[in-house]
Every structure is written in structure tokens, then in C-alpha cells.
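Shown next: structure-v6.cif, given as mmCIF, C-alpha atoms.
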```cif
data_model
#
loop_
_atom_site.label_atom_id
_atom_site.label_comp_id
_atom_site.auth_asym_id
_atom_site.auth_seq_id
_atom_site.Cartn_x
_atom_site.Cartn_y
_atom_site.Cartn_z
CA GLN J 1 140.85 -151.57 127.27
CA LYS J 2 140.11 -148.84 129.76
CA GLU J 3 138.01 -145.97 128.52
CA VAL J 4 140.53 -143.36 129.68
CA GLU J 5 144.13 -144.33 130.30
CA GLN J 6 146.94 -142.46 131.97
CA ASN J 7 150.38 -143.47 133.14
CA SER J 8 150.19 -143.48 136.93
CA GLY J 9 153.74 -142.17 137.33
CA PRO J 10 155.27 -140.68 139.31
CA LEU J 11 156.62 -138.32 136.70
CA SER J 12 159.55 -136.41 138.16
CA VAL J 13 160.80 -133.21 136.55
CA PRO J 14 163.24 -130.57 137.82
CA GLU J 15 161.98 -127.12 138.70
CA GLY J 16 161.73 -124.90 135.64
CA ALA J 17 161.40 -127.80 133.20
CA ILE J 18 158.41 -128.72 131.02
CA ALA J 19 156.18 -131.47 132.40
CA SER J 20 154.30 -133.50 129.78
CA LEU J 21 151.28 -135.53 130.82
CA ASN J 22 149.45 -137.82 128.44
CA CYS J 23 146.04 -139.41 128.24
CA THR J 24 144.43 -141.75 125.70
CA TYR J 25 140.75 -142.56 125.32
CA SER J 26 138.89 -145.34 123.60
CA ASP J 27 135.58 -143.80 122.45
CA ARG J 28 136.08 -142.10 119.10
CA GLY J 29 132.84 -140.20 119.66
CA SER J 30 134.22 -138.38 122.70
CA GLN J 31 133.66 -134.68 122.47
CA SER J 32 134.98 -132.79 125.49
CA PHE J 33 138.22 -133.26 127.36
CA PHE J 34 139.35 -131.91 130.71
CA TRP J 35 142.40 -131.80 132.93
CA TYR J 36 141.94 -131.66 136.69
CA ARG J 37 144.59 -131.17 139.33
CA GLN J 38 144.24 -132.97 142.65
CA TYR J 39 146.47 -132.23 145.60
CA SER J 40 146.85 -134.96 148.18
CA GLY J 41 143.80 -135.08 150.43
CA LYS J 42 141.94 -132.50 148.33
CA SER J 43 139.21 -132.62 145.71
CA PRO J 44 139.94 -132.35 141.99
CA GLU J 45 139.93 -128.83 140.56
CA LEU J 46 139.48 -128.07 136.87
CA ILE J 47 142.50 -126.46 135.20
CA MET J 48 141.93 -126.89 131.45
CA SER J 49 139.26 -127.93 128.98
CA ILE J 50 139.63 -128.57 125.24
CA TYR J 51 137.17 -129.57 122.53
CA SER J 52 138.90 -129.01 119.18
CA ASN J 53 142.02 -130.52 117.66
CA GLY J 54 145.14 -128.53 118.30
CA ASP J 55 146.56 -126.59 121.20
CA LYS J 56 144.93 -124.45 123.85
CA GLU J 57 147.09 -122.31 126.08
CA ASP J 58 146.29 -120.82 129.48
CA GLY J 59 149.22 -119.29 131.30
CA ARG J 60 151.84 -121.98 131.92
CA PHE J 61 149.44 -124.73 130.84
CA THR J 62 148.89 -125.99 127.29
CA ALA J 63 146.37 -128.68 126.44
CA GLN J 64 146.80 -130.57 123.18
CA LEU J 65 144.13 -132.67 121.50
CA ASN J 66 144.51 -135.13 118.63
CA LYS J 67 141.18 -136.82 117.94
CA ALA J 68 142.56 -138.96 115.09
CA SER J 69 145.06 -140.55 117.47
CA GLN J 70 142.68 -140.35 120.43
CA TYR J 71 145.00 -138.66 122.82
CA VAL J 72 145.04 -135.51 124.85
CA SER J 73 148.03 -134.10 126.64
CA LEU J 74 148.86 -131.39 129.14
CA LEU J 75 152.12 -129.45 129.10
CA ILE J 76 153.19 -127.46 132.13
CA ARG J 77 155.94 -124.96 131.37
CA ASP J 78 158.34 -123.62 133.99
CA SER J 79 157.22 -126.32 136.43
CA GLN J 80 157.14 -125.28 140.08
CA PRO J 81 157.18 -127.42 143.23
CA SER J 82 153.62 -126.20 143.82
CA ASP J 83 152.60 -128.04 140.64
CA SER J 84 153.34 -131.34 142.38
CA ALA J 85 149.97 -133.12 142.41
CA THR J 86 147.99 -135.81 140.64
CA TYR J 87 146.63 -134.76 137.26
CA LEU J 88 143.39 -136.38 136.18
CA CYS J 89 142.25 -136.58 132.59
CA ALA J 90 138.47 -136.64 132.08
CA VAL J 91 136.51 -137.28 128.92
CA ILE J 92 132.88 -136.84 127.97
CA THR J 93 132.22 -139.84 125.72
CA GLY J 94 129.92 -140.09 122.74
CA THR J 95 127.21 -141.43 125.04
CA TYR J 96 127.61 -138.42 127.38
CA LYS J 97 129.37 -140.34 130.12
CA TYR J 98 131.94 -138.38 132.10
CA ILE J 99 134.88 -140.72 132.64
CA PHE J 100 138.03 -140.02 134.62
CA GLY J 101 141.43 -141.61 134.14
CA THR J 102 143.38 -142.93 137.11
CA GLY J 103 145.62 -139.88 137.17
CA THR J 104 149.34 -139.20 136.79
CA ARG J 105 151.32 -138.19 139.85
CA LEU J 106 153.70 -135.32 139.09
CA LYS J 107 156.67 -134.45 141.29
CA VAL J 108 158.53 -131.22 140.61
CA LEU J 109 161.94 -131.34 142.24
CA ALA J 110 163.33 -128.12 143.69
CA GLU O 1 129.24 -118.11 144.86
CA ALA O 2 129.23 -120.71 147.63
CA GLY O 3 130.75 -124.04 146.66
CA VAL O 4 129.46 -127.58 146.95
CA ALA O 5 129.06 -128.44 150.62
CA GLN O 6 129.59 -131.95 151.94
CA SER O 7 129.48 -133.48 155.39
CA PRO O 8 130.93 -135.11 157.32
CA ARG O 9 134.56 -134.65 156.25
CA TYR O 10 135.69 -137.90 157.83
CA LYS O 11 133.92 -141.03 159.02
CA ILE O 12 135.25 -144.23 160.52
CA ILE O 13 132.85 -147.16 160.90
CA GLU O 14 133.03 -150.87 161.40
CA LYS O 15 132.12 -153.24 158.60
CA ARG O 16 128.44 -154.08 158.42
CA GLN O 17 127.49 -150.72 159.94
CA SER O 18 125.58 -148.11 157.99
CA VAL O 19 126.68 -144.60 157.07
CA ALA O 20 125.18 -141.59 155.30
CA PHE O 21 126.77 -138.66 153.51
CA TRP O 22 125.17 -135.33 152.75
CA CYS O 23 125.70 -132.93 149.84
CA ASN O 24 124.36 -129.44 149.16
CA PRO O 25 125.11 -128.35 145.57
CA ILE O 26 125.80 -124.89 144.23
CA SER O 27 122.60 -122.90 144.11
CA GLY O 28 120.79 -123.36 140.83
CA HIS O 29 122.74 -126.42 139.71
CA ALA O 30 120.17 -128.96 138.59
CA THR O 31 122.68 -131.75 137.99
CA LEU O 32 124.32 -133.50 140.93
CA TYR O 33 126.79 -136.37 140.93
CA TRP O 34 128.20 -138.73 143.53
CA TYR O 35 131.64 -140.17 142.83
CA GLN O 36 133.70 -142.75 144.69
CA GLN O 37 137.47 -142.30 144.64
CA ILE O 38 139.52 -145.16 145.98
CA LEU O 39 143.12 -144.30 146.89
CA GLY O 40 145.31 -144.25 143.79
CA GLN O 41 142.38 -144.31 141.37
CA GLY O 42 140.37 -141.75 139.49
CA PRO O 43 136.84 -140.82 140.57
CA LYS O 44 134.18 -143.34 139.58
CA LEU O 45 130.63 -142.15 138.97
CA LEU O 46 128.11 -143.76 141.30
CA ILE O 47 124.97 -141.83 140.48
CA GLN O 48 123.84 -138.76 138.54
CA PHE O 49 120.71 -136.77 139.34
CA GLN O 50 118.94 -134.25 137.15
CA ASN O 51 116.77 -132.28 139.56
CA ASN O 52 115.33 -135.06 141.72
CA GLY O 53 115.36 -137.74 139.03
CA VAL O 54 118.08 -140.35 138.50
CA VAL O 55 119.86 -140.08 135.12
CA ASP O 56 122.53 -142.75 135.57
CA ASP O 57 123.04 -145.20 138.43
CA SER O 58 124.55 -148.03 136.42
CA GLN O 59 127.64 -148.26 138.63
CA LEU O 60 125.87 -147.91 141.96
CA PRO O 61 126.01 -151.18 143.97
CA LYS O 62 122.32 -151.16 144.64
CA ASP O 63 122.40 -154.05 147.08
CA ARG O 64 124.12 -151.78 149.62
CA PHE O 65 124.20 -148.23 148.27
CA SER O 66 121.24 -145.90 147.95
CA ALA O 67 120.92 -142.22 147.13
CA GLU O 68 118.16 -139.70 147.03
CA ARG O 69 117.71 -136.09 146.12
CA LEU O 70 114.44 -134.95 147.55
CA LYS O 71 113.15 -131.60 146.27
CA GLY O 72 115.94 -131.48 143.70
CA VAL O 73 118.45 -129.75 145.97
CA ASP O 74 120.30 -131.59 148.78
CA SER O 75 121.27 -135.20 148.33
CA THR O 76 122.19 -138.06 150.64
CA LEU O 77 124.19 -141.18 149.83
CA LYS O 78 123.82 -144.16 152.14
CA ILE O 79 125.77 -147.38 152.50
CA GLN O 80 124.19 -150.27 154.39
CA PRO O 81 125.92 -152.53 155.29
CA ALA O 82 129.42 -151.22 154.69
CA LYS O 83 132.26 -153.43 153.50
CA LEU O 84 136.00 -152.95 153.84
CA GLU O 85 136.28 -152.20 150.11
CA ASP O 86 133.96 -149.20 150.53
CA SER O 87 136.82 -147.29 152.14
CA ALA O 88 137.25 -144.33 149.82
CA VAL O 89 136.60 -140.64 149.40
CA TYR O 90 133.04 -139.88 148.35
CA LEU O 91 132.87 -136.77 146.22
CA CYS O 92 129.82 -134.75 145.34
CA ALA O 93 129.81 -132.48 142.30
CA SER O 94 127.25 -130.23 140.70
CA THR O 95 126.79 -128.36 137.44
CA HIS O 96 124.33 -127.09 134.90
CA ILE O 97 124.09 -130.05 132.50
CA LEU O 98 125.02 -127.97 129.45
CA GLN O 99 127.89 -126.31 131.29
CA ALA O 100 129.35 -129.73 132.09
CA LEU O 101 130.13 -130.19 128.39
CA ASN O 102 132.21 -127.04 128.36
CA TYR O 103 133.30 -126.27 131.88
CA GLY O 104 133.45 -129.53 133.80
CA TYR O 105 132.41 -129.96 137.39
CA THR O 106 132.76 -128.22 140.72
CA PHE O 107 133.55 -130.77 143.41
CA GLY O 108 132.85 -130.60 147.11
CA SER O 109 135.61 -131.28 149.62
CA GLY O 110 134.59 -134.92 149.90
CA THR O 111 133.93 -137.35 152.72
CA ARG O 112 136.74 -139.74 153.58
CA LEU O 113 135.24 -143.05 154.72
CA THR O 114 137.31 -145.67 156.50
CA VAL O 115 135.70 -149.05 157.12
CA VAL O 116 137.50 -151.16 159.72
#
```
Take the structure in the file and give it back as C-alpha cells.
Amino acid sequence: QKEVEQNSGPLSVPEGAIASLNCTYSDRGSQSFFWYRQYSGKSPELIMSIYSNGDKEDGRFTAQLNKASQYVSLLIRDSQPSDSATYLCAVITGTYKYIFGTGTRLKVLA
Amino acid sequence: EAGVAQSPRYKIIEKRQSVAFWCNPISGHATLYWYQQILGQGPKLLIQFQNNGVVDDSQLPKDRFSAERLKGVDSTLKIQPAKLEDSAVYLCASTHILQALNYGYTFGSGTRLTVV
């Protein structure tokens, strides 16, 4: 089992729709969770972090964390073509390792 | 605040040649990381420095990869000899170690290595 798993996609959504990206992790002791956006040919950039169960909202982005089920998700409301990118989930495990998932490629169709 | 600087941006070498990458972290960031990102995969940690000491190099292929961070600031990553499977983007990131728990990393623009 991979430490951080994501569906590689591509996930295609129409412009204006909600995009839902999911991530599961294996270490129950994991404590911090991050979502990065990576445009093709560019470096990852941090867009959201979450540490507590529940939802955290920032503009059009909402991160959701469920530690009991060991998953974290990212919702993007009113998706725009400019949101088309690969979204990487990252987890700081109980042993303080910073592990990235393989990323989900999102395509927002105009 | 200046970002993480990396050079070169691109490098093409033949297999069995050697190559070196350079990283200058954000001023004051004691923690520096080198990641390897193969196309279609997430970044994989190669080595983590705290100041000029190595914290984690468990995934660094030490038979061919080496890294150093003299004086606790700039860092270089070297591959000798290179293999075809080393073709990837090499990302450098820096942070304050406590900030990493809350705020994640700042990445440099990366070096895209192609081994032919």
C-alpha cells in the first residue's frame, strides 16, 4: 500500500462545476496535510493546508479532512479553465516524513 | 522575499556522464530539501538538510548521487555516473522546520535533466 494515494485522472469537469479531488493516506499518525497545484512544466505551489478534522475554506477552495477514514479531499467551486493542473496531496506522517501522492490531473472544460 | 533559486533550468547529458545542480534557499531557511520528480509522479524526497547536517538521505541512491550543503546555505546535488532513469525534474525546497508542519514548502523552479 502506498503511503499517499491519489487517482491519477484525468478528472474532467465543465467550467463552473465543482471539482472534487481525493487523497488517502496509510499512516494513522499523520498530522498535517497539504494540497499543492502544479502546472505543466512548473514547480508545485501550496494552495491549502489542513490539520484538524472537518472543512477549511479559502476562496473557491475547500479542504476536507477525515482522520478516522484517513482521507483528505479538495473541492474547487466554480472551476475555471485556469484551474487545469495537477493537484498533489502531501502528508506529514507520524514519523515526520513529508510524502507526496502521485497527483490528480484536473481538466476544466470551457 | 526572494524565492528558492536553482540552476541550471535544463540539462541534457549522455548516460555515464556526471552532472551537478545548484540550489540557493530562501534567506534564513535552515531546512533544505532535494526532490526528484519523474514525469507523471509526485516528488520523491532524496535528501533533507538541517543547516549543513543531513537529516534524511534514506532514498538517495548513494552509489551515484551525492549532495552537500557547505556553510548551511547553498547546496549542490551531483549525479555520477548518470543513468537513463535519472531523467527527471530535480526540485529544491526550503523552509523553517517548524513552519513546514503548518505551511509546507517553497519550491524552486527546478532543473529538468534529460539523460540520453
Name the closest residue to chain O among the candidates J:Ser26, J:Thr95, J:Gln31, J:Ser73; distances are taken between atoms, counting only C-alpha atoms.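 Ranked by minimum distance to chain O, first place goes to J:Gln31.
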May I have a table of the residues of chain J lying at most 9 Å from chain O, giving each one's closest pair of atoms and their distance in Å to one decimal, counting all atoms listed in the file, ordered by chain and ascending residue number, as CSV?
```
residue,atom,partner,partner_atom,distance
J:Ser8,CA,O:Gly40,CA,8.5
J:Gln31,CA,O:Leu101,CA,8.2
J:Ser32,CA,O:Leu101,CA,6.2
J:Phe33,CA,O:Asn102,CA,8.7
J:Phe34,CA,O:Gly104,CA,7.1
J:Lys42,CA,O:Ser109,CA,6.6
J:Ser43,CA,O:Ser109,CA,5.5
J:Pro44,CA,O:Phe107,CA,6.7
J:Glu45,CA,O:Thr106,CA,7.2
J:Leu46,CA,O:Gly104,CA,6.9
J:Met48,CA,O:Tyr103,CA,8.7
J:Ser49,CA,O:Tyr103,CA,6.8
J:Ile50,CA,O:Asn102,CA,8.2
J:Tyr51,CA,O:Asn102,CA,8.1
J:Leu88,CA,O:Gly42,CA,7.0
J:Cys89,CA,O:Gly42,CA,8.8
J:Ala90,CA,O:Gly104,CA,8.9
J:Ile92,CA,O:Leu101,CA,7.2
J:Tyr96,CA,O:Leu101,CA,8.7
J:Tyr98,CA,O:Leu45,CA,7.9
J:Ile99,CA,O:Lys44,CA,7.5
J:Phe100,CA,O:Gly42,CA,5.7
J:Gly101,CA,O:Gly42,CA,5.5
J:Thr102,CA,O:Gly42,CA,4.0
J:Gly103,CA,O:Gly42,CA,6.0
```
Any idea what the distance is between CA of Gly41 (chain J) and CA of Gln59 (chain O)?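 Those two atoms sit 24.0 Å apart.
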Figure out the distance between CA of Trp35 (chain J) and CA of Arg60 (chain J), please, to one decimal in Å.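 Atom-to-atom, CA of Arg60 (chain J) and CA of Trp35 (chain J) are spaced 13.7 Å apart.
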Long-range neighbours of Trp22 (chain O) as a short mmCIF file (atom, residue, chain, number, x, y, z; two decimals) with C-alpha atoms, keeping the file's coordinate frame, 8 Å cut-off, only C-alpha atoms, 5 positions minimum in chain:
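Writing the result to around26.cif gives the following:
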```
data_model
loop_
_atom_site.label_atom_id
_atom_site.label_comp_id
_atom_site.auth_asym_id
_atom_site.auth_seq_id
_atom_site.Cartn_x
_atom_site.Cartn_y
_atom_site.Cartn_z
CA GLN O 6 129.59 -131.95 151.94
CA SER O 7 129.48 -133.48 155.39
CA PRO O 8 130.93 -135.11 157.32
CA ASP O 74 120.30 -131.59 148.78
CA SER O 75 121.27 -135.20 148.33
CA THR O 76 122.19 -138.06 150.64
CA LEU O 77 124.19 -141.18 149.83
#
```
Residue among J:Asn22, J:Thr93, J:Ser82, J:Asn7 lying closest to Lys107 (chain J), counting only C-alpha atoms: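 When distances to Lys107 (chain J) are compared using only C-alpha atoms, the smallest one comes from J:Ser82.
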Rounded to one decimal, what separation in Å do you get between CA of Val115 (chain O) and CA of Cys23 (chain O)? 20.3 Å
Run the PyMOL selection byres ((chain J and resi 5) around 8) mentally over the shown coordinates, then write out the matched residues as a ChimeraX atom specification, using the chain letters and numbers from the document. /J:2-4,6-7,23-25,101-102
Could you write out as a short mmCIF file (atom, residue, chain, number, x, y, z; two decimals) with C-alpha atoms, keeping the file's coordinate frame the residues that the PyMOL selection byres ((chain O and resi 84) around 12) matches in the shown file?
```cif
data_model
loop_
_atom_site.label_atom_id
_atom_site.label_comp_id
_atom_site.auth_asym_id
_atom_site.auth_seq_id
_atom_site.Cartn_x
_atom_site.Cartn_y
_atom_site.Cartn_z
CA ILE O 12 135.25 -144.23 160.52
CA ILE O 13 132.85 -147.16 160.90
CA GLU O 14 133.03 -150.87 161.40
CA LYS O 15 132.12 -153.24 158.60
CA ARG O 16 128.44 -154.08 158.42
CA GLN O 17 127.49 -150.72 159.94
CA ILE O 38 139.52 -145.16 145.98
CA ILE O 79 125.77 -147.38 152.50
CA PRO O 81 125.92 -152.53 155.29
CA ALA O 82 129.42 -151.22 154.69
CA LYS O 83 132.26 -153.43 153.50
CA GLU O 85 136.28 -152.20 150.11
CA ASP O 86 133.96 -149.20 150.53
CA SER O 87 136.82 -147.29 152.14
CA ALA O 88 137.25 -144.33 149.82
CA LEU O 113 135.24 -143.05 154.72
CA THR O 114 137.31 -145.67 156.50
CA VAL O 115 135.70 -149.05 157.12
CA VAL O 116 137.50 -151.16 159.72
#
```
Non-local contacts of Phe65 (chain O) (8 Å; only C-alpha atoms; under 3 positions in same chain excluded) as a list in words: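 What passes the distance filter is Leu60, Pro61, Lys62, Leu77, Lys78, Ile79 and Gln80 of chain O.
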Would you mind exporting the chosen residues as a tab-separated table (two decimals), keeping the file's coordinate frame, restricted to C-alpha atoms?
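out16.tsv written:
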```tsv
chain	number	residue	atom	x	y	z
O	60	LEU	CA	125.87	-147.91	141.96
O	61	PRO	CA	126.01	-151.18	143.97
O	62	LYS	CA	122.32	-151.16	144.64
O	77	LEU	CA	124.19	-141.18	149.83
O	78	LYS	CA	123.82	-144.16	152.14
O	79	ILE	CA	125.77	-147.38	152.50
O	80	GLN	CA	124.19	-150.27	154.39
```
So that I can see what lies close to Ile26 (chain O), please list as a list in words the residues with an atom at most 10 Å from it, counting only C-alpha atoms and leaving out residues fewer than 4 positions away in the same chain. Glu1, Ala2, Gly3, Val4, Ala5, Ala30, Thr31, Leu32, Val73, Asp74, Ala93, Ser94, Thr95, His96, Thr106, Phe107 and Gly108 of chain O
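Near (157.6, -135.2, 131.2), the residues that fall inside 12 Å on the basis of all atoms listed in the file are Asn7, Gly9, Pro10, Leu11, Ser12, Val13, Pro14, Glu15, Gly16, Ala17, Ile18, Ala19, Ser20, Leu21, Asn22, Ser73, Leu74, Leu75, Ile76, Arg77, Asp78, Ser79, Thr104, Arg105, Leu106, Lys107 and Val108 of chain J.
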